[in-house]
Every structure is written in C-alpha cells, then in structure tokens.
file entry.tsv (TSV, C-alpha atoms)
chain	number	residue	atom	x	y	z
E	1	MET	CA	214.67	129.54	100.02
E	2	VAL	CA	213.71	127.32	97.08
E	3	GLU	CA	215.70	124.09	96.88
E	4	ASN	CA	217.14	122.96	93.59
E	5	THR	CA	215.86	119.87	91.82
E	6	ASP	CA	218.70	117.56	90.82
E	7	VAL	CA	218.36	115.98	87.37
E	8	VAL	CA	220.90	113.48	86.10
E	9	VAL	CA	221.24	112.76	82.37
E	10	ILE	CA	223.03	109.54	81.47
E	11	GLY	CA	224.61	109.77	78.04
E	12	GLY	CA	226.12	112.75	76.24
E	13	GLY	CA	225.01	112.05	72.68
E	14	TYR	CA	222.39	113.82	70.58
E	15	ALA	CA	219.46	113.05	72.90
E	16	GLY	CA	221.34	113.53	76.17
E	17	VAL	CA	222.90	116.88	75.27
E	18	MET	CA	219.60	118.21	73.94
E	19	ALA	CA	217.81	117.15	77.14
E	20	ALA	CA	220.51	118.54	79.43
E	21	ASN	CA	220.57	121.90	77.66
E	22	ARG	CA	216.81	122.21	77.64
E	23	LEU	CA	216.54	121.46	81.36
E	24	THR	CA	218.56	124.59	82.16
E	25	GLN	CA	215.48	126.72	81.39
E	26	ARG	CA	214.74	126.67	85.11
E	27	ASP	CA	217.15	128.27	87.53
E	28	ASP	CA	216.04	125.90	90.27
E	29	VAL	CA	217.12	122.79	88.32
E	30	SER	CA	220.66	121.46	88.69
E	31	VAL	CA	221.67	119.31	85.73
E	32	THR	CA	224.46	116.72	85.77
E	33	LEU	CA	225.45	114.96	82.55
E	34	VAL	CA	227.33	111.67	82.96
E	35	ASN	CA	229.23	110.52	79.89
E	36	PRO	CA	232.23	108.21	79.48
E	37	ARG	CA	234.07	110.58	77.12
E	38	PRO	CA	235.20	114.20	77.61
E	39	THR	CA	234.16	115.15	74.06
E	40	PHE	CA	230.93	114.95	72.08
E	41	VAL	CA	230.92	112.28	69.37
E	42	HIS	CA	229.30	113.49	66.14
E	43	ARG	CA	228.28	109.98	65.08
E	44	VAL	CA	226.98	110.95	61.66
E	45	ARG	CA	230.59	111.75	60.72
E	46	LEU	CA	232.19	108.49	61.90
E	47	HIS	CA	232.39	107.20	58.33
E	48	GLN	CA	234.39	110.33	57.55
E	49	LEU	CA	236.73	109.56	60.42
E	50	VAL	CA	237.33	106.16	58.85
E	51	GLY	CA	237.94	107.80	55.47
E	52	GLY	CA	240.23	110.45	56.95
E	53	THR	CA	238.06	113.46	56.10
E	54	ALA	CA	236.70	114.45	59.56
E	55	ALA	CA	237.52	114.02	63.24
E	56	ALA	CA	233.90	113.26	64.27
E	57	VAL	CA	234.32	114.90	67.69
E	58	VAL	CA	233.21	118.27	69.04
E	59	ASP	CA	234.25	119.97	72.28
E	60	TYR	CA	231.44	119.93	74.82
E	61	GLN	CA	232.03	123.61	75.44
E	62	ASP	CA	230.66	124.17	71.94
E	63	VAL	CA	227.39	122.28	72.44
E	64	LEU	CA	226.73	122.03	76.18
E	65	ALA	CA	225.16	124.76	78.30
E	66	GLU	CA	227.47	126.34	80.86
E	67	GLY	CA	225.08	125.43	83.66
E	68	VAL	CA	225.39	121.69	83.02
E	69	ARG	CA	227.89	119.82	85.17
E	70	LEU	CA	229.78	117.24	83.09
E	71	VAL	CA	230.95	114.11	84.88
E	72	VAL	CA	233.29	112.02	82.73
E	73	ASP	CA	232.54	108.50	83.93
E	74	SER	CA	230.35	105.49	83.22
E	75	VAL	CA	227.22	104.54	85.12
E	76	THR	CA	227.34	100.94	86.32
E	77	ARG	CA	223.93	100.79	87.98
E	78	ILE	CA	220.78	102.84	88.47
E	79	ASP	CA	219.33	102.67	91.97
E	80	ALA	CA	215.74	103.64	91.24
E	81	VAL	CA	214.64	103.13	94.85
E	82	GLY	CA	217.43	105.25	96.29
E	83	ARG	CA	217.36	107.66	93.32
E	84	GLY	CA	221.01	107.53	92.50
E	85	VAL	CA	223.43	106.30	89.87
E	86	GLU	CA	226.58	104.37	90.74
E	87	LEU	CA	229.74	105.32	88.84
E	88	ALA	CA	232.52	103.07	87.55
E	89	GLY	CA	235.07	105.44	89.03
E	90	GLY	CA	233.54	105.10	92.47
E	91	GLY	CA	230.87	107.04	94.29
E	92	ALA	CA	227.38	107.91	93.16
E	93	VAL	CA	225.28	110.84	91.99
E	94	GLY	CA	221.81	111.38	93.42
E	95	TYR	CA	218.84	112.57	91.43
E	96	GLU	CA	215.21	113.54	91.73
E	97	TYR	CA	214.67	112.95	88.02
E	98	LEU	CA	216.73	110.83	85.65
E	99	VAL	CA	216.99	111.10	81.86
E	100	TYR	CA	218.18	107.82	80.38
E	101	ALA	CA	219.88	108.58	77.05
E	102	VAL	CA	222.67	106.02	76.72
E	103	GLY	CA	222.23	105.73	72.96
E	104	SER	CA	223.20	102.75	70.85
E	105	GLY	CA	226.26	101.01	69.50
E	106	SER	CA	227.19	98.02	67.43
E	107	ALA	CA	225.03	94.95	67.83
E	108	ASP	CA	226.82	91.80	68.95
E	109	PRO	CA	227.48	89.98	65.66
E	110	GLN	CA	226.03	86.49	65.62
E	111	VAL	CA	227.97	85.46	62.50
E	112	PRO	CA	230.91	83.15	63.23
E	113	GLY	CA	234.19	85.02	63.11
E	114	ALA	CA	232.65	88.51	62.88
E	115	ALA	CA	233.48	89.49	66.46
E	116	GLU	CA	237.07	88.37	65.98
E	117	PHE	CA	237.90	89.49	62.46
E	118	ALA	CA	235.46	92.27	61.49
E	119	TYR	CA	235.66	95.93	62.51
E	120	PRO	CA	232.48	97.79	63.56
E	121	VAL	CA	232.28	101.56	63.13
E	122	ALA	CA	229.24	102.52	65.24
E	123	GLY	CA	231.34	104.08	68.00
E	124	LEU	CA	234.32	106.41	68.22
E	125	GLU	CA	236.69	103.88	69.74
E	126	GLU	CA	235.67	101.27	67.19
E	127	ALA	CA	236.24	103.61	64.27
E	128	ARG	CA	239.62	104.64	65.66
E	129	ARG	CA	240.59	100.97	66.06
E	130	LEU	CA	239.99	100.47	62.33
E	131	LEU	CA	242.22	103.37	61.25
E	132	PRO	CA	245.64	101.71	61.78
E	133	VAL	CA	244.34	98.51	60.19
E	134	LEU	CA	243.41	100.40	57.05
E	135	GLY	CA	246.67	102.31	57.21
E	136	ALA	CA	248.66	99.09	57.23
E	137	ALA	CA	246.76	97.59	54.29
E	138	PRO	CA	247.88	98.35	50.72
E	139	ALA	CA	245.50	100.53	48.70
E	140	SER	CA	244.84	97.54	46.44
E	141	ALA	CA	243.84	95.27	49.34
E	142	ALA	CA	240.27	93.98	49.27
E	143	VAL	CA	238.03	95.84	51.74
E	144	THR	CA	234.58	94.36	52.39
E	145	VAL	CA	231.87	96.46	53.99
E	146	VAL	CA	229.05	94.33	55.38
E	147	GLY	CA	225.65	96.01	55.66
E	148	ALA	CA	223.93	98.30	53.16
E	149	GLY	CA	222.12	100.73	55.44
E	150	PRO	CA	223.28	104.37	55.59
E	151	THR	CA	226.44	103.56	57.59
E	152	GLY	CA	227.51	100.81	55.22
E	153	ILE	CA	226.83	102.86	52.10
E	154	GLU	CA	228.60	105.93	53.47
E	155	THR	CA	231.62	103.95	54.66
E	156	ALA	CA	231.95	102.08	51.36
E	157	ALA	CA	231.74	105.32	49.37
E	158	GLU	CA	234.19	107.14	51.61
E	159	LEU	CA	236.80	104.37	51.33
E	160	ALA	CA	236.32	103.93	47.60
E	161	GLU	CA	236.81	107.65	47.07
E	162	GLN	CA	240.17	107.27	48.83
E	163	GLY	CA	241.17	104.72	46.18
E	164	ARG	CA	240.32	101.57	48.12
E	165	ASN	CA	239.18	98.32	46.48
E	166	VAL	CA	235.73	98.06	48.11
E	167	THR	CA	232.98	95.45	48.01
E	168	LEU	CA	229.65	96.26	49.68
E	169	VAL	CA	227.76	93.16	50.82
E	170	CYS	CA	224.09	93.99	51.29
E	171	GLY	CA	222.58	90.78	52.65
E	172	GLY	CA	219.37	91.97	50.97
E	173	VAL	CA	218.67	95.15	49.02
E	174	LEU	CA	220.87	98.20	48.80
E	175	GLY	CA	219.56	100.99	51.04
E	176	PRO	CA	216.37	99.32	52.37
E	177	TYR	CA	214.82	102.65	53.36
E	178	LEU	CA	215.31	104.28	49.96
E	179	HIS	CA	212.68	104.56	47.27
E	180	ARG	CA	213.56	102.48	44.19
E	181	ARG	CA	214.52	105.67	42.33
E	182	GLY	CA	216.82	106.73	45.11
E	183	ARG	CA	218.27	103.23	45.23
E	184	ARG	CA	219.13	103.42	41.53
E	185	SER	CA	220.86	106.74	42.10
E	186	VAL	CA	222.96	105.37	44.95
E	187	ALA	CA	223.86	102.27	42.95
E	188	GLY	CA	225.02	104.46	40.08
E	189	ARG	CA	227.23	106.59	42.31
E	190	LEU	CA	228.78	103.52	43.98
E	191	ALA	CA	229.48	102.01	40.56
E	192	ALA	CA	231.18	105.23	39.48
E	193	LEU	CA	233.39	105.01	42.57
E	194	GLY	CA	234.29	101.43	41.70
E	195	VAL	CA	232.37	99.80	44.56
E	196	ARG	CA	231.26	96.25	43.84
E	197	VAL	CA	227.75	95.79	45.27
E	198	VAL	CA	226.62	92.26	46.17
E	199	GLU	CA	222.85	92.09	46.76
E	200	GLY	CA	220.18	89.50	47.46
E	201	GLU	CA	219.29	86.97	50.13
E	202	ALA	CA	222.11	84.74	48.91
E	203	ALA	CA	224.52	87.56	49.80
E	204	LYS	CA	223.99	87.20	53.53
E	205	VAL	CA	227.29	86.71	55.35
E	206	THR	CA	227.59	83.32	57.06
E	207	ALA	CA	231.18	83.54	58.29
E	208	VAL	CA	234.11	85.94	58.52
E	209	THR	CA	237.72	84.82	58.55
E	210	ARG	CA	240.98	86.72	58.75
E	211	ASP	CA	241.16	87.09	54.97
E	212	ALA	CA	237.69	86.34	53.59
E	213	VAL	CA	233.93	86.70	53.90
E	214	ARG	CA	231.70	83.70	53.19
E	215	LEU	CA	228.19	84.11	51.80
E	216	ALA	CA	225.03	82.03	52.09
E	217	ASP	CA	225.32	80.78	48.51
E	218	GLY	CA	228.81	79.41	49.15
E	219	ARG	CA	230.79	82.25	47.63
E	220	LYS	CA	234.02	83.26	49.31
E	221	LEU	CA	235.00	86.92	48.93
E	222	PRO	CA	238.64	87.82	49.60
E	223	SER	CA	238.78	90.46	52.33
E	224	ALA	CA	241.93	91.85	53.86
E	225	VAL	CA	239.82	94.25	55.96
E	226	THR	CA	236.18	93.56	56.84
E	227	VAL	CA	234.06	96.46	58.11
E	228	TRP	CA	230.88	95.49	59.97
E	229	THR	CA	227.90	97.89	59.87
E	230	VAL	CA	225.02	95.48	60.49
E	231	GLY	CA	222.49	96.45	63.13
E	232	PHE	CA	222.60	98.40	66.37
E	233	GLY	CA	222.43	97.33	69.99
E	234	VAL	CA	221.86	99.28	73.18
E	235	PRO	CA	223.73	99.03	76.50
E	236	ASP	CA	222.24	96.67	79.08
E	237	LEU	CA	222.38	99.24	81.90
E	238	ALA	CA	218.59	99.54	82.19
E	239	ALA	CA	218.04	95.79	82.26
E	240	ARG	CA	220.83	95.28	84.79
E	241	SER	CA	219.25	97.96	86.95
E	242	GLY	CA	215.88	96.20	87.02
E	243	LEU	CA	213.98	98.51	84.68
E	244	SER	CA	211.49	97.09	82.20
E	245	THR	CA	212.96	96.89	78.70
E	246	ASP	CA	212.11	95.51	75.30
E	247	GLU	CA	213.97	92.56	73.78
E	248	LEU	CA	216.90	94.79	72.72
E	249	GLY	CA	217.23	96.42	76.14
E	250	ARG	CA	215.53	99.74	75.39
E	251	VAL	CA	213.63	101.25	78.31
E	252	LEU	CA	209.87	100.74	78.04
E	253	THR	CA	208.03	104.03	78.45
E	254	ASP	CA	204.64	105.57	77.83
E	255	GLU	CA	204.08	108.21	75.16
E	256	THR	CA	205.50	110.94	77.42
E	257	LEU	CA	208.79	108.93	77.52
E	258	THR	CA	208.22	108.14	81.21
E	259	SER	CA	209.42	104.72	82.36
E	260	VAL	CA	206.57	102.26	82.94
E	261	ASP	CA	208.24	101.46	86.29
E	262	ASP	CA	209.08	104.88	87.70
E	263	ASP	CA	207.70	108.35	86.93
E	264	ARG	CA	211.03	109.87	88.01
E	265	ILE	CA	212.80	108.22	85.06
E	266	VAL	CA	212.35	109.28	81.44
E	267	ALA	CA	214.17	107.83	78.43
E	268	ALA	CA	215.18	109.36	75.11
E	269	GLY	CA	216.95	108.51	71.90
E	270	ASP	CA	217.96	105.07	70.68
E	271	SER	CA	217.65	103.57	74.17
E	272	ALA	CA	213.93	104.38	74.53
E	273	ALA	CA	210.98	102.21	73.47
E	274	PRO	CA	207.84	104.35	73.91
E	275	SER	CA	204.76	102.12	74.17
E	276	GLY	CA	206.95	99.23	73.07
E	277	LEU	CA	207.01	100.79	69.58
E	278	PRO	CA	210.49	102.35	69.26
E	279	LEU	CA	211.31	104.78	66.51
E	280	ARG	CA	214.07	104.47	63.94
E	281	MET	CA	217.51	104.75	65.51
E	282	SER	CA	218.97	108.02	64.23
E	283	CYS	CA	219.94	111.53	65.29
E	284	GLN	CA	216.76	112.65	63.50
E	285	THR	CA	214.91	110.78	66.25
E	286	ALA	CA	217.31	111.37	69.12
E	287	MET	CA	217.27	115.16	69.36
E	288	PRO	CA	213.46	115.54	69.30
E	289	LEU	CA	213.16	112.75	71.87
E	290	GLY	CA	215.75	114.47	74.03
E	291	ALA	CA	213.70	117.67	73.89
E	292	ARG	CA	210.51	115.73	74.64
E	293	ALA	CA	212.11	114.00	77.64
E	294	ALA	CA	213.25	117.33	79.06
E	295	ASP	CA	209.79	118.81	78.54
E	296	THR	CA	208.26	115.87	80.41
E	297	VAL	CA	210.49	116.58	83.43
E	298	LEU	CA	209.83	120.32	83.26
E	299	SER	CA	206.08	119.77	83.01
E	300	ARG	CA	206.09	117.61	86.12
E	301	LEU	CA	208.12	120.20	88.01
E	302	ALA	CA	205.54	122.81	86.99
E	303	GLY	CA	202.67	120.59	88.13
E	304	GLU	CA	201.43	120.19	84.55
E	305	ARG	CA	200.49	117.15	82.54
E	306	PRO	CA	203.31	116.24	80.09
E	307	GLU	CA	202.56	116.22	76.38
E	308	THR	CA	202.77	112.97	74.46
E	309	LEU	CA	205.13	112.00	71.68
E	310	ASN	CA	204.50	113.66	68.33
E	311	GLN	CA	207.42	112.59	66.16
E	312	SER	CA	207.67	113.76	62.56
E	313	PHE	CA	210.09	112.62	59.87
E	314	GLY	CA	210.88	114.18	56.53
E	315	ALA	CA	213.91	112.61	54.89
E	316	GLN	CA	217.02	110.49	55.14
E	317	CYS	CA	220.29	111.86	53.82
E	318	ILE	CA	223.31	109.77	52.87
E	319	SER	CA	226.73	110.98	51.80
E	320	LEU	CA	228.39	109.20	48.89
E	321	GLY	CA	231.93	110.39	49.36
E	322	ARG	CA	232.77	114.07	49.48
E	323	GLY	CA	231.51	114.82	46.01
E	324	ALA	CA	227.98	113.43	46.03
E	325	GLY	CA	225.10	112.42	48.25
E	326	ILE	CA	221.39	111.74	48.29
E	327	PHE	CA	218.61	113.49	50.17
E	328	GLN	CA	215.76	110.97	50.13
E	329	PHE	CA	212.46	112.62	51.00
E	330	GLY	CA	209.81	110.74	52.95
E	331	ASN	CA	206.37	111.35	54.37
E	332	ARG	CA	205.73	112.11	58.03
E	333	SER	CA	205.18	108.43	58.72
E	334	ASP	CA	208.79	107.80	57.67
E	335	ASN	CA	208.11	106.12	54.35
E	336	ALA	CA	210.31	107.10	51.42
E	337	VAL	CA	208.61	108.84	48.50
E	338	TRP	CA	209.69	109.07	44.87
E	339	PHE	CA	211.38	112.45	45.18
E	340	HIS	CA	215.06	112.76	46.03
E	341	ILE	CA	217.96	115.13	45.42
E	342	ASP	CA	221.30	113.59	44.52
E	343	GLY	CA	224.74	114.47	43.16
E	344	ARG	CA	226.66	117.50	44.38
E	345	LEU	CA	223.53	119.22	45.65
E	346	GLY	CA	222.71	116.09	47.65
E	347	ALA	CA	226.20	116.25	49.16
E	348	ARG	CA	225.77	119.92	50.09
E	349	MET	CA	222.41	119.18	51.69
E	350	LYS	CA	223.90	116.34	53.74
E	351	GLU	CA	226.73	118.59	54.88
E	352	THR	CA	224.21	121.28	55.84
E	353	VAL	CA	222.36	118.71	57.94
E	354	CYS	CA	225.56	117.58	59.68
E	355	LYS	CA	226.48	121.16	60.55
E	356	GLY	CA	222.89	121.92	61.50
E	357	ILE	CA	222.81	119.14	64.09
E	358	VAL	CA	225.66	120.72	66.03
E	359	GLN	CA	224.10	124.15	65.57
E	360	HIS	CA	220.77	122.96	67.02
E	361	LEU	CA	222.57	121.72	70.13
E	362	ALA	CA	224.61	124.90	70.44
E	363	ASP	CA	221.51	127.06	70.01
E	364	GLU	CA	219.69	125.14	72.73
E	365	ALA	CA	222.71	125.59	75.00
E	366	HIS	CA	222.64	129.37	74.53
E	367	LYS	CA	218.85	129.73	74.51
E	368	PRO	CA	217.27	126.74	76.23
E	369	GLY	CA	213.73	126.06	75.12
E	370	GLY	CA	214.25	127.42	71.62
E	371	TYR	CA	214.28	124.05	69.86
E	372	SER	CA	210.83	123.16	68.54
E	373	LEU	CA	211.12	120.40	65.93
E	374	HIS	CA	209.70	117.85	68.38
E	375	ARG	CA	206.43	119.78	68.30
E	376	MET	CA	205.90	119.34	64.56
E	377	LYS	CA	202.83	117.31	63.72
E	378	GLY	CA	203.74	113.69	63.09
E	379	GLY	CA	202.37	111.27	60.56
E	380	ALA	CA	199.47	108.88	60.97
E	381	GLY	CA	201.66	105.78	61.09
E	382	ARG	CA	202.35	105.85	64.81
E	383	ARG	CA	198.75	106.61	65.73
E	384	GLU	CA	197.61	103.67	63.62
E	385	ALA	CA	200.22	101.40	65.20
E	386	LEU	CA	199.13	102.40	68.70
E	387	ARG	CA	195.46	101.81	67.89
E	388	ALA	CA	196.28	98.41	66.40
E	389	MET	CA	198.36	97.45	69.42
E	390	ARG	CA	195.67	98.48	71.88
E	391	ALA	CA	193.08	96.58	69.85
E	392	GLY	CA	195.26	93.49	69.84
E	393	ALA	CA	195.88	93.60	66.09
E	394	PRO	CA	199.33	93.42	64.44
E	395	ALA	CA	201.09	96.80	64.35
E	396	VAL	CA	202.13	98.40	61.08
E	397	GLU	CA	205.69	97.76	60.00
E	398	ARG	CA	206.96	101.35	59.95
E	399	ILE	CA	205.89	103.97	62.46
E	400	SER	CA	206.68	107.53	63.40
call {"tool": "encode", "arguments": {"input": "entry.tsv", "output": "structure tokens"}}
result
Amino acid sequence: MVENTDVVVIGGGYAGVMAANRLTQRDDVSVTLVNPRPTFVHRVRLHQLVGGTAAAVVDYQDVLAEGVRLVVDSVTRIDAVGRGVELAGGGAVGYEYLVYAVGSGSADPQVPGAAEFAYPVAGLEEARRLLPVLGAAPASAAVTVVGAGPTGIETAAELAEQGRNVTLVCGGVLGPYLHRRGRRSVAGRLAALGVRVVEGEAAKVTAVTRDAVRLADGRKLPSAVTVWTVGFGVPDLAARSGLSTDELGRVLTDETLTSVDDDRIVAAGDSAAPSGLPLRMSCQTAMPLGARAADTVLSRLAGERPETLNQSFGAQCISLGRGAGIFQFGNRSDNAVWFHIDGRLGARMKETVCKGIVQHLADEAHKPGGYSLHRMKGGAGRREALRAMRAGAPAVERIS
C-alpha cells in the first residue's frame, strides 16, 4: 500500500489556493490548507468594498479543490525540524512538504500618528473597519488617500465616484509604474472625478492627526478620514520560526522557490524572495509562483529536478471608478511601455482580469495541472539581475 505524502499550505490567498489545487494532481498527496478566514479574500476588489460596489470575498467552495482540507486557524510557529506547524487554536499539523504562502498586508507606518489615525485597506478586516468611519462622515467631509500606487489610485477614484471630497497625496509621482502617457490619462480621469492630486517630494506625509495630514513642505491638509495605502509588509512567521528571510521577512529561496534552509519548504507569492530578488507584490505574481511552488513539490515527489523560476509580466491594470480604467502594457521585464488602453474599455478589461483571476483558481480546482501561465518565457531583466548579483555588481532596479 502506498502511503500518502502530507503537504501543508499556509495561506489561502492567490498563491496558496493555486498551489493547493495544483498539488491534488496526485492521488497519493494529502493537501491541508491553513488559513485564518473561512472565505477567500479577492484582494484586488478591496477598494470596491470600501466604495460599496463589491464584497471582495468568494466562498472557498468556488475556488478550492474538493480534495483540499481547509483548516480555519492561524499558524503561530513552523517546526522545521519536527516538520509540523503549530496552530493558534491549539494542536499542530504535520507535513512532509510545506508551502509557505502567507501573503502580504499593510506595512507598519513609520509616520507619526498614522497607526493611530489612518485607515489601511490592504486586508479584509482593515477595509471593513473603514466602512463605518466613512458611513459616519458627511459626504462633504475631506477624505485624504495617502499613496499613489494602484491601491491608492483605485481607492481615491472609487470614493470620488461616490461623491466624496477626495485628495490623493502621492509623496512622489502619480502611479510610479505607469508610462508618462498612462500617467496623464489617469490624472485626467481623477481630475474629472474631482480628485485633488498632490504630487512631488514635498508632498510626503510627515504626520497624521485626527483631522489633518501634514506634508514635508509644511502644508496642513484637512482630513476627516485618512486612508493609508503606502507600502506592504509580510507576516513575521518565517523569521519567528528561524527561517532565513530578507529584510522585510520574506522567505529566502533559490530559483525553484525552495527555502535556502530546508528542501522540504517552498515559498510562493508576496512572502517569497527567490535568490534575494523578490518580484513585484501582486496577484499577477502570486498565482504563477503558487503554481511553480506546487510543481517544485511534485517534481521532488516524482524524483525529478524542479524547474526554475520563469516569471513573465505583461501589464498592470487599474480601475478608475466603475466607469473607467487603464490597462497599462509593459514588456516581459515588467517595464511599462507607451501603449495603454483607457476609458470604458480599460474598465471592462480590468473587470475581465478580476473575474479571470477567480476563474483561473476555479479551473485549477476542477482540472489540476491545467494552469500554465507560469511557464511563459520571462523577460531578460531577471536573468541580468541574477548575473549581476553573482558577479558582485549592483542588480538592476526592476526585475521579472
């Protein structure tokens, strides 16, 4: 009788669900997914939750393979020596292989007053905490969104479309990833929605109070509600468990996503730092990395050499309320190019992507092994960065 191989996946986000589903290809693999929530959080819709246009949650029965055992709990420690994970609710779950896919959340704000008076929206509970605050504020009340990446832009647009008085504080340029043409398009749409955009180095936030935001140049912006979308952080579970991590706490792995400490542990998504050169935090990265992590485990079970990372990018899409959006194309090394699609067609393309993410997970649940985007040929940026690192030279700024 062939014994089953127990695989535990920590984290039920884009990377974790993809990995768990894909691992069910083998009948002799038992997969346990540990996640603190009983529902899947569709993070790319959290700004819609804040704006009241989407719930941003999906039932696991719609995206998770039937053969995956879901344990609703939090992991407090990984015992790599004993091959087990300790649960907050008591007890432990043993494993022969572990997929570490805990994802990311809001970074701890270093700005005085931000932790006390600003509201992050990187997680479900955080976004839900903001809802009654917005509900209690008059429509004319000043709302300040800090951070001009995709989350900040989308949140500002969503709230402005609901009739809110919104100021978007960039602390630099609007949409740093975007090509200058795409940036002009986004700026035009935000202006049409009535969003005041404050750009430049002087627009960096230096303090947040109960009713204002202070900038580096001394300006004081009235703010009845301050929404914080600056940066991402990762849980410290790996570091607390004695695994090697980078400065943010992402697990250090090789190019097969295998931990540099333990070949029974692989990492995927925002919480992985392959070769110390992590990819951009996004679902566009997370799902392919989840598939790659599962393939690494399956290759080892088959006695084969795992393939290395081959990440490819193509675009970044941003919604600008329900009526418009932008689909910013990029090259495979994740650099924006001049071409973009905006307006209503951009909005439809963004919505197609959001629905497609859930569909990819559902398809993998029903036909494990069918997902193949992680096998697309990547750009030269990552290869150049790896060569530079191994030669002792500075790595390129953007990689894929």
call {"tool": "closest_residue", "arguments": {"input": "entry.tsv", "among": "E:Thr151, E:Gln110, E:Gln328, E:Ser74", "to": "Arg183 in chain E", "atoms": "only C-alpha atoms"}}
result
E:Gln328
call {"tool": "atom_distance", "arguments": {"input": "entry.tsv", "atom1": "CA of Gly276 in chain E", "atom2": "CA of Asp246 in chain E"}}
result
6.7 Å
call {"tool": "residues_around", "arguments": {"input": "entry.tsv", "residues": "range 200-206 of chain E", "least_positions_apart": "3", "cutoff": "8 Å", "atoms": "all atoms listed in the file", "output": "PyMOL selection string"}}
result
chain E and resi 111-112+146+169-173+213-217
call {"tool": "closest_atom_pairs", "arguments": {"input": "entry.tsv", "of": "range 236-266 of chain E", "to": "range 79-99 of chain E", "cutoff": "9 Å", "atoms": "only C-alpha atoms", "output": "CSV"}}
result
residue,atom,partner,partner_atom,distance
E:Ser241,CA,E:Asp79,CA,6.9
E:Gly242,CA,E:Ala80,CA,8.6
E:Leu243,CA,E:Ala80,CA,8.5
E:Asp262,CA,E:Ala80,CA,7.6
E:Asp263,CA,E:Tyr97,CA,8.4
E:Arg264,CA,E:Tyr97,CA,4.8
E:Ile265,CA,E:Leu98,CA,4.8
E:Val266,CA,E:Val99,CA,5.0
call {"tool": "write_last_selection", "arguments": {"input": "entry.tsv", "atoms": "C-alpha atoms", "output": "PDB file, keeping the file's coordinate frame"}}
result
ATOM      1  CA  SER E 241     219.250  97.960  86.950  1.00  0.00           C
ATOM      2  CA  GLY E 242     215.880  96.200  87.020  1.00  0.00           C
ATOM      3  CA  LEU E 243     213.980  98.510  84.680  1.00  0.00           C
ATOM      4  CA  ASP E 262     209.080 104.880  87.700  1.00  0.00           C
ATOM      5  CA  ASP E 263     207.700 108.350  86.930  1.00  0.00           C
ATOM      6  CA  ARG E 264     211.030 109.870  88.010  1.00  0.00           C
ATOM      7  CA  ILE E 265     212.800 108.220  85.060  1.00  0.00           C
ATOM      8  CA  VAL E 266     212.350 109.280  81.440  1.00  0.00           C
TER       9      VAL E 266
END
call {"tool": "closest_residue", "arguments": {"input": "entry.tsv", "among": "E:Met18, E:Ile10, E:Leu23, E:Val251", "to": "Val102 in chain E", "atoms": "all atoms listed in the file"}}
result
E:Ile10
call {"tool": "residues_around", "arguments": {"input": "entry.tsv", "residues": "His179 in chain E", "least_positions_apart": "3", "cutoff": "7 Å", "atoms": "all atoms listed in the file", "output": "PyMOL selection string"}}
result
chain E and resi 182-183+336-338
call {"tool": "atom_distance", "arguments": {"input": "entry.tsv", "atom1": "CA of Asp59 in chain E", "atom2": "CA of Glu154 in chain E"}}
result
24.1 Å
call {"tool": "closest_residue", "arguments": {"input": "entry.tsv", "among": "E:Ala207, E:Leu174, E:Leu320, E:Ala54", "to": "Arg344 in chain E", "atoms": "all atoms listed in the file"}}
result
E:Leu320
